[in-house]
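Enquirer: Okay, so here is entry.tsv, and as you'll see once you scroll down, it has TSV, C-alpha atoms and all ligand atoms.
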```tsv
chain	number	residue	atom	x	y	z
A	1	MET	CA	107.08	106.93	119.21
A	2	ARG	CA	106.99	104.87	116.04
A	3	ILE	CA	105.13	106.69	113.22
A	4	PHE	CA	104.03	105.32	109.82
A	5	SER	CA	102.20	107.05	106.99
A	6	GLY	CA	102.04	106.97	103.21
A	7	ILE	CA	100.75	108.61	100.07
A	8	GLN	CA	99.90	106.98	96.74
A	9	PRO	CA	102.24	107.94	93.90
A	10	THR	CA	99.53	108.57	91.30
A	11	GLY	CA	98.24	112.12	90.75
A	12	ASN	CA	99.59	115.48	91.86
A	13	ILE	CA	100.17	116.17	95.54
A	14	HIS	CA	97.85	119.00	96.53
A	15	ILE	CA	97.41	121.36	99.45
A	16	GLY	CA	94.94	118.86	101.01
A	17	ASN	CA	97.60	116.13	101.12
A	18	TYR	CA	99.95	118.68	102.61
A	19	SER	CA	97.63	119.95	105.33
A	20	GLY	CA	96.09	116.56	106.17
A	21	ALA	CA	99.25	114.48	106.15
A	22	ILE	CA	102.65	115.97	105.24
A	23	LYS	CA	102.38	118.97	107.57
A	24	GLN	CA	101.97	116.58	110.51
A	25	TRP	CA	104.87	114.43	109.30
A	26	ILE	CA	107.22	117.39	109.32
A	27	ASP	CA	106.31	118.20	112.92
A	28	LEU	CA	106.62	114.57	114.02
A	29	GLN	CA	109.96	113.73	112.40
A	30	ASP	CA	112.10	115.62	114.94
A	31	LYS	CA	111.22	113.61	118.01
A	32	ASN	CA	109.95	110.27	116.69
A	33	GLU	CA	111.00	107.26	114.69
A	34	CYS	CA	109.20	107.91	111.42
A	35	LEU	CA	108.61	105.81	108.31
A	36	PHE	CA	107.14	107.65	105.32
A	37	CYS	CA	106.26	105.40	102.45
A	38	VAL	CA	105.37	105.86	98.79
A	39	VAL	CA	102.58	103.28	98.61
A	40	ASP	CA	102.96	102.04	95.03
A	41	LEU	CA	101.15	98.72	95.64
A	42	HIS	CA	98.05	100.63	96.73
A	43	ALA	CA	98.14	102.85	93.66
A	44	ILE	CA	97.94	99.98	91.17
A	45	THR	CA	94.46	98.98	92.37
A	46	THR	CA	92.97	101.70	90.11
A	47	PRO	CA	93.86	102.39	86.44
A	48	TYR	CA	97.42	103.65	85.88
A	49	ASP	CA	100.12	103.71	83.21
A	50	PRO	CA	102.92	101.13	83.80
A	51	GLU	CA	105.22	103.03	81.42
A	52	THR	CA	105.35	106.16	83.58
A	53	PHE	CA	104.69	104.55	86.96
A	54	GLN	CA	108.30	104.32	88.20
A	55	LYS	CA	108.85	107.95	87.30
A	56	MET	CA	105.77	108.93	89.32
A	57	CYS	CA	107.03	106.99	92.35
A	58	MET	CA	110.37	108.74	92.12
A	59	GLU	CA	108.61	112.09	91.82
A	60	LYS	CA	106.65	111.44	94.99
A	61	ALA	CA	109.86	110.75	96.88
A	62	ILE	CA	111.08	114.12	95.59
A	63	VAL	CA	107.84	115.69	96.81
A	64	TYR	CA	108.40	114.34	100.34
A	65	LEU	CA	111.91	115.82	100.37
A	66	ALA	CA	110.86	119.14	98.78
A	67	ALA	CA	108.07	119.54	101.33
A	68	GLY	CA	110.54	119.20	104.19
A	69	ILE	CA	110.89	115.53	105.12
A	70	ASP	CA	114.49	115.06	106.22
A	71	PRO	CA	116.06	111.71	105.19
A	72	GLU	CA	118.48	112.00	108.11
A	73	LYS	CA	115.53	111.92	110.49
A	74	ALA	CA	112.90	109.80	108.76
A	75	ILE	CA	112.95	106.60	106.73
A	76	ILE	CA	111.65	107.27	103.21
A	77	PHE	CA	111.01	104.23	101.03
A	78	LEU	CA	108.93	102.52	98.36
A	79	GLN	CA	106.36	100.05	99.67
A	80	SER	CA	107.11	97.42	96.99
A	81	SER	CA	110.80	97.31	97.88
A	82	VAL	CA	109.95	95.66	101.20
A	83	LYS	CA	108.23	92.40	100.21
A	84	GLU	CA	107.00	91.73	103.75
A	85	HIS	CA	104.15	94.23	103.20
A	86	SER	CA	102.55	91.86	100.67
A	87	GLU	CA	103.23	88.77	102.76
A	88	LEU	CA	101.68	90.25	105.89
A	89	CYS	CA	98.72	91.51	103.85
A	90	TRP	CA	98.00	87.93	102.81
A	91	LEU	CA	98.11	86.67	106.38
A	92	LEU	CA	95.90	89.52	107.62
A	93	ASN	CA	93.35	88.72	104.89
A	94	THR	CA	92.67	85.48	106.69
A	95	VAL	CA	91.54	87.28	109.87
A	96	THR	CA	89.53	90.05	108.16
A	97	PRO	CA	85.77	89.53	107.76
A	98	LEU	CA	84.57	90.39	104.23
A	99	GLY	CA	81.67	92.40	105.65
A	100	GLU	CA	84.07	94.92	107.18
A	101	LEU	CA	85.74	95.51	103.81
A	102	TYR	CA	82.43	95.96	101.99
A	103	ARG	CA	81.34	98.70	104.38
A	104	MET	CA	84.42	100.92	103.85
A	105	THR	CA	83.41	104.30	102.39
A	106	GLN	CA	86.37	104.45	100.01
A	107	TYR	CA	85.63	100.95	98.73
A	108	LYS	CA	82.06	102.01	97.92
A	109	GLU	CA	83.24	105.16	96.14
A	110	LYS	CA	86.05	103.49	94.20
A	111	SER	CA	84.09	100.42	93.14
A	112	GLN	CA	81.45	102.71	91.66
A	113	LYS	CA	83.97	104.86	89.83
A	114	HIS	CA	86.25	102.09	88.51
A	115	LYS	CA	85.84	98.54	87.30
A	116	GLU	CA	85.75	96.53	90.51
A	117	ASN	CA	88.66	94.25	91.42
A	118	ALA	CA	89.76	92.36	94.54
A	119	GLY	CA	92.59	94.87	95.09
A	120	ILE	CA	90.12	97.71	95.66
A	121	LEU	CA	88.32	95.60	98.25
A	122	ASN	CA	91.52	94.43	99.98
A	123	TYR	CA	93.16	97.87	99.87
A	124	PRO	CA	92.62	98.51	103.63
A	125	VAL	CA	94.14	95.12	104.54
A	126	LEU	CA	97.36	96.10	102.76
A	127	MET	CA	97.22	99.40	104.61
A	128	ALA	CA	96.83	97.51	107.90
A	129	ALA	CA	99.88	95.44	106.94
A	130	ASP	CA	101.90	98.64	106.30
A	131	ILE	CA	101.02	99.92	109.74
A	132	LEU	CA	101.23	96.73	111.82
A	133	LEU	CA	104.46	95.45	110.25
A	134	TYR	CA	106.41	98.17	112.08
A	135	ASP	CA	104.48	98.09	115.38
A	136	THR	CA	103.38	101.62	114.55
A	137	GLU	CA	102.00	103.64	117.44
A	138	VAL	CA	100.70	106.70	115.61
A	139	VAL	CA	99.35	107.08	112.06
A	140	PRO	CA	99.13	110.74	110.95
A	141	VAL	CA	96.59	111.07	108.11
A	142	GLY	CA	93.72	113.18	106.79
A	143	GLU	CA	90.11	112.63	107.86
A	144	ASP	CA	89.29	110.30	104.93
A	145	GLN	CA	91.71	107.63	106.20
A	146	LYS	CA	90.28	107.42	109.71
A	147	GLN	CA	88.02	104.49	108.88
A	148	HIS	CA	90.93	102.53	107.39
A	149	VAL	CA	93.08	103.05	110.49
A	150	GLU	CA	90.15	101.96	112.69
A	151	LEU	CA	89.98	98.76	110.64
A	152	ALA	CA	93.74	98.25	111.10
A	153	LYS	CA	93.17	98.48	114.86
A	154	ASP	CA	90.40	95.85	114.69
A	155	ILE	CA	92.60	93.56	112.61
A	156	ALA	CA	95.46	93.93	115.12
A	157	ARG	CA	93.17	93.12	118.05
A	158	ARG	CA	91.66	90.14	116.28
A	159	PHE	CA	95.05	88.73	115.27
A	160	ASN	CA	96.35	89.19	118.84
A	161	SER	CA	93.37	87.37	120.27
A	162	TYR	CA	93.71	84.42	117.85
A	163	PHE	CA	97.48	83.99	117.91
A	164	GLY	CA	98.65	85.77	121.08
A	165	GLU	CA	100.00	89.30	121.62
A	166	THR	CA	101.83	90.16	118.37
A	167	PHE	CA	100.94	93.62	117.07
A	168	THR	CA	100.84	97.07	118.65
A	169	VAL	CA	97.36	98.57	118.28
A	170	PRO	CA	97.98	101.92	116.55
A	171	LYS	CA	96.30	105.30	117.09
A	172	VAL	CA	95.14	107.62	114.35
A	173	GLN	CA	96.24	111.27	114.46
A	174	ILE	CA	94.12	113.83	112.64
A	175	LEU	CA	94.59	117.61	112.85
A	176	LYS	CA	91.72	119.90	113.82
A	177	THR	CA	92.24	122.26	110.87
A	178	GLY	CA	93.14	120.98	107.43
A	179	ALA	CA	92.13	117.34	107.86
A	180	ARG	CA	89.59	117.69	105.06
A	181	VAL	CA	90.29	120.40	102.48
A	182	MET	CA	87.43	120.68	100.00
A	183	SER	CA	87.44	120.90	96.19
A	184	LEU	CA	87.70	124.39	94.69
A	185	SER	CA	85.12	123.58	92.04
A	186	ASP	CA	82.69	121.77	94.35
A	187	PRO	CA	83.25	122.70	98.01
A	188	THR	CA	80.86	120.01	99.21
A	189	LYS	CA	83.37	117.38	97.99
A	190	LYS	CA	86.85	116.54	99.27
A	191	MET	CA	89.79	117.96	97.29
A	192	SER	CA	91.11	114.97	95.35
A	193	LYS	CA	94.07	114.40	93.04
A	194	SER	CA	91.98	112.18	90.79
A	195	ASP	CA	89.62	115.08	89.96
A	196	ASP	CA	89.94	117.85	87.39
A	197	GLU	CA	93.10	120.00	87.75
A	198	ASP	CA	91.10	123.17	88.39
A	199	SER	CA	89.61	121.64	91.55
A	200	TYR	CA	92.89	121.54	93.47
A	201	ILE	CA	96.08	123.54	94.04
A	202	SER	CA	99.15	121.39	93.57
A	203	LEU	CA	102.04	122.05	95.96
A	204	PHE	CA	104.06	123.01	92.89
A	205	ASP	CA	101.64	125.17	90.91
A	206	SER	CA	103.11	128.36	89.43
A	207	PRO	CA	101.96	131.73	90.86
A	208	GLU	CA	99.87	132.28	87.69
A	209	LYS	CA	98.13	128.93	88.09
A	210	ILE	CA	97.46	129.56	91.78
A	211	ARG	CA	95.89	132.94	91.02
A	212	LYS	CA	93.78	131.55	88.20
A	213	LYS	CA	92.51	128.56	90.16
A	214	ILE	CA	91.69	130.59	93.28
A	215	SER	CA	89.93	133.28	91.25
A	216	ARG	CA	87.74	130.57	89.67
A	217	ALA	CA	87.00	128.83	92.98
A	218	VAL	CA	83.28	128.44	93.62
A	219	THR	CA	81.92	130.87	96.23
A	220	ASP	CA	78.49	131.31	97.79
A	221	THR	CA	75.56	133.69	97.63
A	222	GLY	CA	75.74	136.81	99.83
A	223	LYS	CA	78.73	139.04	100.48
A	224	GLU	CA	79.79	138.40	104.02
A	225	ILE	CA	83.11	136.62	104.68
A	226	LYS	CA	82.03	134.22	107.40
A	227	TYR	CA	82.86	130.62	108.29
A	228	ASP	CA	79.62	128.69	107.94
A	229	LYS	CA	80.19	125.25	106.48
A	230	LYS	CA	76.53	124.51	105.87
A	231	ASN	CA	75.41	127.72	104.19
A	232	LYS	CA	78.76	128.98	102.89
A	233	PRO	CA	80.83	125.91	101.97
A	234	GLY	CA	82.94	127.77	99.37
A	235	ILE	CA	83.96	130.70	101.57
A	236	SER	CA	84.46	128.37	104.56
A	237	ASN	CA	86.87	126.26	102.51
A	238	LEU	CA	88.85	129.34	101.40
A	239	LEU	CA	89.00	130.53	105.02
A	240	SER	CA	90.26	127.12	106.17
A	241	ILE	CA	92.98	127.11	103.53
A	242	TYR	CA	93.92	130.65	104.56
A	243	SER	CA	94.10	129.53	108.18
A	244	ILE	CA	96.31	126.51	107.40
A	245	PHE	CA	98.89	128.52	105.49
A	246	SER	CA	98.85	131.70	107.62
A	247	GLU	CA	98.65	129.76	110.92
A	248	LYS	CA	96.04	132.32	112.00
A	249	LYS	CA	92.76	131.34	113.63
A	250	ILE	CA	89.68	131.52	111.38
A	251	GLU	CA	88.02	134.12	113.68
A	252	GLU	CA	91.08	136.32	113.33
A	253	ILE	CA	90.89	136.14	109.53
A	254	GLU	CA	87.16	136.87	109.60
A	255	LYS	CA	87.88	139.99	111.63
A	256	GLU	CA	90.60	141.17	109.24
A	257	MET	CA	88.29	140.58	106.25
A	258	LYS	CA	85.23	142.18	107.83
A	259	ASP	CA	84.78	144.99	105.29
A	260	LYS	CA	86.33	143.17	102.36
A	261	SER	CA	84.78	141.43	99.36
A	262	TYR	CA	85.02	137.81	98.18
A	263	LYS	CA	87.44	139.05	95.52
A	264	ASP	CA	89.70	140.61	98.19
A	265	LEU	CA	89.73	137.31	100.09
A	266	LYS	CA	90.68	135.44	96.92
A	267	ASP	CA	93.43	137.95	96.04
A	268	ASP	CA	94.91	137.75	99.53
A	269	LEU	CA	94.71	133.96	99.58
A	270	ALA	CA	96.41	133.67	96.17
A	271	SER	CA	99.26	135.90	97.40
A	272	LEU	CA	99.61	133.90	100.61
A	273	LEU	CA	99.73	130.56	98.77
A	274	THR	CA	102.21	131.90	96.22
A	275	GLU	CA	104.53	133.01	99.01
A	276	LYS	CA	104.21	129.80	101.05
A	277	LEU	CA	104.48	127.35	98.14
A	278	GLU	CA	107.40	129.07	96.41
A	279	PRO	CA	110.12	127.35	98.54
A	280	PHE	CA	108.60	123.92	97.75
A	281	ARG	CA	108.70	124.65	94.03
A	282	ARG	CA	112.31	125.77	94.16
A	283	LYS	CA	113.43	122.76	96.18
A	284	LYS	CA	111.60	120.37	93.85
A	285	GLU	CA	113.28	121.86	90.79
A	286	GLU	CA	116.66	121.47	92.46
A	287	LEU	CA	115.99	117.85	93.52
A	288	SER	CA	114.66	116.87	90.09
A	289	LYS	CA	118.21	117.30	88.81
A	290	ARG	CA	119.60	114.98	91.49
A	291	GLU	CA	117.98	111.67	90.61
A	292	ILE	CA	120.84	109.50	91.88
A	293	TYR	CA	120.79	111.23	95.24
A	294	VAL	CA	117.04	110.56	95.58
A	295	GLN	CA	117.44	106.94	94.47
A	296	GLU	CA	120.11	106.48	97.10
A	297	ILE	CA	117.77	107.83	99.79
A	298	LEU	CA	115.06	105.36	98.73
A	299	LYS	CA	117.54	102.49	98.68
A	300	LYS	CA	118.88	103.27	102.15
A	301	GLY	CA	115.34	103.79	103.43
A	302	ALA	CA	114.25	100.39	102.09
A	303	GLU	CA	117.27	98.71	103.68
A	304	ARG	CA	116.44	100.17	107.09
A	305	ALA	CA	112.73	99.33	106.79
A	306	ARG	CA	113.55	95.79	105.60
A	307	VAL	CA	115.54	95.01	108.75
A	308	MET	CA	112.55	95.93	110.90
A	309	ALA	CA	110.06	94.14	108.64
A	310	GLU	CA	112.06	90.90	108.43
A	311	GLU	CA	112.35	90.66	112.18
A	312	LYS	CA	108.62	91.22	112.68
A	313	MET	CA	107.64	88.70	109.99
A	314	GLU	CA	109.77	86.02	111.63
A	315	GLU	CA	107.72	86.47	114.78
A	316	VAL	CA	104.43	86.53	112.82
A	317	ARG	CA	105.24	83.35	110.85
A	318	LYS	CA	106.05	81.57	114.09
A	319	LYS	CA	102.77	82.70	115.65
A	320	VAL	CA	100.61	81.49	112.77
A	321	GLY	CA	102.46	78.18	112.45
A	322	LEU	CA	104.37	78.77	109.21
A	323	GLN	CA	107.98	77.79	108.67
A	324	ASN	CA	110.75	80.36	108.96
A	325	ASN	CA	113.50	79.64	106.49
A	401	LIG	P1	96.05	110.01	98.97
A	401	LIG	O1	96.08	111.18	98.06
A	401	LIG	O2	94.71	109.34	98.95
A	401	LIG	O3	97.19	109.07	98.81
A	401	LIG	O4	96.15	110.62	100.44
A	401	LIG	C1	97.35	110.88	101.10
A	401	LIG	C2	97.13	111.56	102.42
A	401	LIG	O5	96.53	112.86	102.23
A	401	LIG	C3	96.18	110.82	103.38
A	401	LIG	O6	96.65	110.97	104.70
A	401	LIG	C4	94.87	111.52	103.20
A	401	LIG	O7	94.02	111.42	104.31
A	401	LIG	C5	95.32	112.96	102.97
A	401	LIG	N1	94.34	113.71	102.16
A	401	LIG	C6	93.93	113.41	100.90
A	401	LIG	N2	93.03	114.31	100.47
A	401	LIG	C7	92.87	115.22	101.48
A	401	LIG	C8	92.08	116.41	101.64
A	401	LIG	N3	91.27	116.85	100.67
A	401	LIG	N4	92.18	117.08	102.80
A	401	LIG	C9	93.00	116.65	103.80
A	401	LIG	N5	93.77	115.54	103.71
A	401	LIG	C10	93.71	114.83	102.56
A	402	LIG	N1	95.41	104.68	101.95
A	402	LIG	C1	96.17	105.88	102.20
A	402	LIG	C2	95.60	107.02	101.34
A	402	LIG	O1	95.09	106.81	100.28
A	402	LIG	C3	97.64	105.68	101.90
A	402	LIG	C4	98.25	104.67	102.81
A	402	LIG	C5	98.63	103.41	102.48
A	402	LIG	C6	98.57	104.84	104.19
A	402	LIG	N2	99.18	102.78	103.56
A	402	LIG	C7	99.14	103.62	104.62
A	402	LIG	C8	98.40	105.88	105.08
A	402	LIG	C9	99.55	103.42	105.96
A	402	LIG	C10	98.81	105.69	106.42
A	402	LIG	C11	99.37	104.47	106.84
A	402	LIG	O2	95.72	108.12	101.71
```
Show me, as structure tokens, the structure contained in the file I just sent.
Expert:
Amino acid sequence: MRIFSGIQPTGNIHIGNYSGAIKQWIDLQDKNECLFCVVDLHAITTPYDPETFQKMCMEKAIVYLAAGIDPEKAIIFLQSSVKEHSELCWLLNTVTPLGELYRMTQYKEKSQKHKENAGILNYPVLMAADILLYDTEVVPVGEDQKQHVELAKDIARRFNSYFGETFTVPKVQILKTGARVMSLSDPTKKMSKSDDEDSYISLFDSPEKIRKKISRAVTDTGKEIKYDKKNKPGISNLLSIYSIFSEKKIEEIEKEMKDKSYKDLKDDLASLLTEKLEPFRRKKEELSKREIYVQEILKKGAERARVMAEEKMEEVRKKVGLQNN
């Protein structure tokens, strides 16, 4: 199957990004044709620093590799190095009703938080272009991206009905556990890299930082360690994170923790995360010294993606009545 997914280069990659997206990518890369993209054009729709931007993009490619994406198996590349993403986005804009863009949850959130611009509104159209350009069959993402992938499906269907069968209609793939990791400082909100550093665990936090952040994580009233999202959102979130990294079922963890305190759960979770994240940290340090190697991977990735994108755009231009030269 053809797989496409991406992460924005701004902010630190956290355990939510890992469990919602990257963990799936690692499992999928063995048996599928995968494209994993650093979506730099998406990131510039909200405030960022142009001076450090390229460095951040490079760092995210290192994150993909450190987390276990294998460049021999998957195509890793920067979105802006394949110009067809922007071209297809423009064409898809013409078949996307404005009303559908205005009702996107992330648009509503972002346009409240930042000064509004057309890029924030058109963000999901560019995402649809990313996906449809490669005739993607499966899009592995976290829960928050489901609505955007649904829109990409609608855009594909609409385009196909106007201009004839052109795009594969993709499917979204969301895991049962880990698709929505919550913030450590407010467990009723999604863990987000644009929030305060104490609210998330980065994939590369030091053992000291992990322990400190977990010990400060908001818990609930009562003493019992029980998964109950409504009444115990803090403890439920810690149990979910424990489950993701131990690969144990939540019921099993509840049983093990039956006579233990909230503090015991936090201590055990901090030790588990330290152990599981240590290899990522080591690999990242090693790769940070090999910039040319990483640049070469991105260059080769872009070349491979470009071949596929150019071929598809030729077909698309023909379908919509534009010239192809
Ligand atoms: P972003 O950080 O918005 O670029 O998201 C990159 C990927 O991580 C997307 O597939 C998101 O759905 C996923 N993701 C982001 N935040 C979380 C979270 N708190 N829990 C699970 N998945 C997440
Ligand atoms: N919008 C996604 C996010 O913020 C990132 C993204 C851009 C993406 N293009 C994509 C994800 C295509 C999957 C497929 O998480």
Enquirer: Please give me, as a PDB file with C-alpha atoms, in the frame of the given file, the residues lying within 8 Å of ligand LIG 402 (chain A) when counting only C-alpha atoms and all ligand atoms.
Expert:
```pdb
ATOM      1  CA  PHE A   4     104.030 105.320 109.820  1.00  0.00           C
ATOM      2  CA  SER A   5     102.200 107.050 106.990  1.00  0.00           C
ATOM      3  CA  GLY A   6     102.040 106.970 103.210  1.00  0.00           C
ATOM      4  CA  ILE A   7     100.750 108.610 100.070  1.00  0.00           C
ATOM      5  CA  GLN A   8      99.900 106.980  96.740  1.00  0.00           C
ATOM      6  CA  CYS A  37     106.260 105.400 102.450  1.00  0.00           C
ATOM      7  CA  VAL A  39     102.580 103.280  98.610  1.00  0.00           C
ATOM      8  CA  HIS A  42      98.050 100.630  96.730  1.00  0.00           C
ATOM      9  CA  TYR A 123      93.160  97.870  99.870  1.00  0.00           C
ATOM     10  CA  PRO A 124      92.620  98.510 103.630  1.00  0.00           C
ATOM     11  CA  LEU A 126      97.360  96.100 102.760  1.00  0.00           C
ATOM     12  CA  MET A 127      97.220  99.400 104.610  1.00  0.00           C
ATOM     13  CA  ALA A 128      96.830  97.510 107.900  1.00  0.00           C
ATOM     14  CA  ASP A 130     101.900  98.640 106.300  1.00  0.00           C
ATOM     15  CA  ILE A 131     101.020  99.920 109.740  1.00  0.00           C
ATOM     16  CA  VAL A 139      99.350 107.080 112.060  1.00  0.00           C
ATOM     17  CA  PRO A 140      99.130 110.740 110.950  1.00  0.00           C
ATOM     18  CA  VAL A 141      96.590 111.070 108.110  1.00  0.00           C
ATOM     19  CA  GLY A 142      93.720 113.180 106.790  1.00  0.00           C
ATOM     20  CA  ASP A 144      89.290 110.300 104.930  1.00  0.00           C
ATOM     21  CA  GLN A 145      91.710 107.630 106.200  1.00  0.00           C
ATOM     22  CA  HIS A 148      90.930 102.530 107.390  1.00  0.00           C
ATOM     23  CA  VAL A 149      93.080 103.050 110.490  1.00  0.00           C
TER      24      VAL A 149
END
```
Enquirer: Ranking A:Ser202, A:Gln24, A:Asn324, A:Ser261 by minimum distance to Glu224 (chain A) and counting all atoms listed in the file, which one comes first?
Expert: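 Ranked by minimum distance to Glu224 (chain A), first place goes to A:Ser261.
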Enquirer: Taking (98.2, 94.2, 107.7) as a centre in this file's frame and 9 Å as the limit, can you find every polymer residue with an atom that close, using only C-alpha atoms, and give them as an MDAnalysis selection string?
Expert: chainID A and resid 85:93 124:133 152 155:156
Enquirer: Would you put the residues from that selection into a file with C-alpha atoms, as a PDB file, in the frame of the given file?
Expert:
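Generated output (part_10.pdb):
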```pdb
ATOM      1  CA  HIS A  85     104.150  94.230 103.200  1.00  0.00           C
ATOM      2  CA  SER A  86     102.550  91.860 100.670  1.00  0.00           C
ATOM      3  CA  GLU A  87     103.230  88.770 102.760  1.00  0.00           C
ATOM      4  CA  LEU A  88     101.680  90.250 105.890  1.00  0.00           C
ATOM      5  CA  CYS A  89      98.720  91.510 103.850  1.00  0.00           C
ATOM      6  CA  TRP A  90      98.000  87.930 102.810  1.00  0.00           C
ATOM      7  CA  LEU A  91      98.110  86.670 106.380  1.00  0.00           C
ATOM      8  CA  LEU A  92      95.900  89.520 107.620  1.00  0.00           C
ATOM      9  CA  ASN A  93      93.350  88.720 104.890  1.00  0.00           C
ATOM     10  CA  PRO A 124      92.620  98.510 103.630  1.00  0.00           C
ATOM     11  CA  VAL A 125      94.140  95.120 104.540  1.00  0.00           C
ATOM     12  CA  LEU A 126      97.360  96.100 102.760  1.00  0.00           C
ATOM     13  CA  MET A 127      97.220  99.400 104.610  1.00  0.00           C
ATOM     14  CA  ALA A 128      96.830  97.510 107.900  1.00  0.00           C
ATOM     15  CA  ALA A 129      99.880  95.440 106.940  1.00  0.00           C
ATOM     16  CA  ASP A 130     101.900  98.640 106.300  1.00  0.00           C
ATOM     17  CA  ILE A 131     101.020  99.920 109.740  1.00  0.00           C
ATOM     18  CA  LEU A 132     101.230  96.730 111.820  1.00  0.00           C
ATOM     19  CA  LEU A 133     104.460  95.450 110.250  1.00  0.00           C
ATOM     20  CA  ALA A 152      93.740  98.250 111.100  1.00  0.00           C
ATOM     21  CA  ILE A 155      92.600  93.560 112.610  1.00  0.00           C
ATOM     22  CA  ALA A 156      95.460  93.930 115.120  1.00  0.00           C
TER      23      ALA A 156
END
```
Enquirer: Residues contacting ligand LIG 401 (chain A) - anything with an atom at most 6 Å away, using only C-alpha atoms and all ligand atoms - can you give me those as a list in words?
Expert: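 Checked against 6 Å with only C-alpha atoms and all ligand atoms; the hits are Ile7, Gln8, Gly16, Asn17, Ser19, Gly20, Ala21, Val141, Gly142, Glu143, Asp144, Gln145, Gly178, Ala179, Arg180, Val181, Met182, Lys190, Met191 and Ser192 of chain A.
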Enquirer: Distance cut-off 9 Å, centre (100.2, 90.9, 115.2) in file coordinates, counting only C-alpha atoms: which residues qualify? Return them as a list of chain:residue names.
Expert: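 Returned residue set, sorted by chain then number, is A:Leu92, A:Leu132, A:Leu133, A:Asp135, A:Ile155, A:Ala156, A:Arg157, A:Arg158, A:Phe159, A:Asn160, A:Phe163, A:Gly164, A:Glu165, A:Thr166, A:Phe167, A:Thr168, A:Val169, A:Lys312, A:Glu315, A:Val316, A:Lys319.
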Enquirer: Could you take the residues named above and write them with C-alpha atoms, as a PDB file, in the frame of the given file?
Expert:
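Output file again17.pdb follows:
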```
ATOM      1  CA  LEU A  92      95.900  89.520 107.620  1.00  0.00           C
ATOM      2  CA  LEU A 132     101.230  96.730 111.820  1.00  0.00           C
ATOM      3  CA  LEU A 133     104.460  95.450 110.250  1.00  0.00           C
ATOM      4  CA  ASP A 135     104.480  98.090 115.380  1.00  0.00           C
ATOM      5  CA  ILE A 155      92.600  93.560 112.610  1.00  0.00           C
ATOM      6  CA  ALA A 156      95.460  93.930 115.120  1.00  0.00           C
ATOM      7  CA  ARG A 157      93.170  93.120 118.050  1.00  0.00           C
ATOM      8  CA  ARG A 158      91.660  90.140 116.280  1.00  0.00           C
ATOM      9  CA  PHE A 159      95.050  88.730 115.270  1.00  0.00           C
ATOM     10  CA  ASN A 160      96.350  89.190 118.840  1.00  0.00           C
ATOM     11  CA  PHE A 163      97.480  83.990 117.910  1.00  0.00           C
ATOM     12  CA  GLY A 164      98.650  85.770 121.080  1.00  0.00           C
ATOM     13  CA  GLU A 165     100.000  89.300 121.620  1.00  0.00           C
ATOM     14  CA  THR A 166     101.830  90.160 118.370  1.00  0.00           C
ATOM     15  CA  PHE A 167     100.940  93.620 117.070  1.00  0.00           C
ATOM     16  CA  THR A 168     100.840  97.070 118.650  1.00  0.00           C
ATOM     17  CA  VAL A 169      97.360  98.570 118.280  1.00  0.00           C
ATOM     18  CA  LYS A 312     108.620  91.220 112.680  1.00  0.00           C
ATOM     19  CA  GLU A 315     107.720  86.470 114.780  1.00  0.00           C
ATOM     20  CA  VAL A 316     104.430  86.530 112.820  1.00  0.00           C
ATOM     21  CA  LYS A 319     102.770  82.700 115.650  1.00  0.00           C
TER      22      LYS A 319
END
```
Enquirer: I want to know what sits within 6 Å of region 197-199 of chain A, based on all atoms listed in the file, with residues of the same chain fewer than 4 positions away left out; could you give that as a ChimeraX atom specification?
Expert: /A:183-185,213
Enquirer: So the first atom is CA of Thr52 (chain A) and the second is CA of Lys284 (chain A); what is the distance between them in Å, to one decimal place?
Expert: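 One can read the CA of Thr52 (chain A) to CA of Lys284 (chain A) distance as 18.6 Å.
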Enquirer: May I have the residues within 12 Å of Lys110 (chain A) as a PyMOL selection string, using only C-alpha atoms and disregarding those fewer than 2 positions away in the same chain?
Expert: chain A and resi 45-47+102+104-108+112-121+123+194
Enquirer: CA of Ile15 (chain A) and CA of Lys193 (chain A) are how many Å apart?
Expert: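 Between CA of Ile15 (chain A) and CA of Lys193 (chain A) the gap works out to 10.0 Å.
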Enquirer: Please provide as a list in words all residues within 8 Å of region 244-253 of chain A, with the sequence filter that same-chain residues fewer than 2 positions apart are discarded (counting all atoms listed in the file).
Expert: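 Here the answer would be Ser19, Thr177, Gly178, Tyr227, Leu239, Ser240, Ile241, Tyr242, Lys255, Glu256, Met257, Leu272, Leu273 and Lys276 of chain A.
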Enquirer: Quick one: everything within 12 Å of Thr221 (chain A), counting only C-alpha atoms, minus sequence neighbours fewer than 3 positions away in the same chain. Send it as a PyMOL selection string.
Expert: chain A and resi 218+224-226+231-235+262
Enquirer: Which residues come within 8 Å of Ile214 (chain A), counting all atoms listed in the file, excluding same-chain residues fewer than 2 positions away, as an MDAnalysis selection string?
Expert: chainID A and resid 184 210:212 216:217 266 269:270
Enquirer: Identify which of the residues A:Asn122, A:Lys229, A:Asp205, A:Ser80 lies closest to His14 (chain A), counting only C-alpha atoms when measuring atom-to-atom distances.
Expert: A:Asp205
Enquirer: What are the centre and edge lengths in Å, to one decimal, of the axis-aligned box around all listed atoms of region 155-167 of chain A with 6 Å added on each side, as lines of an AutoDock Vina configuration file?
Expert:
```
center_x = 96.7
center_y = 89.0
center_z = 117.1
size_x = 22.2
size_y = 21.9
size_z = 21.0
```
Enquirer: Let me make sure I understand: among A:Met56, A:Ser288, A:Asp259, A:Lys176, which one has the smallest atom-to-atom distance to Ser243 (chain A) if we use all atoms listed in the file?
Expert: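 So, comparing all the options, the nearest one is A:Lys176.
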Enquirer: My list of candidates is A:Asp30, A:Ile62, A:Ile75, A:Glu51. Which is closest to Glu291 (chain A) when distances are computed with all atoms listed in the file?
Expert: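 Of A:Asp30, A:Ile62, A:Ile75, A:Glu51, the one nearest Glu291 (chain A), counting all atoms listed in the file, is A:Ile62.
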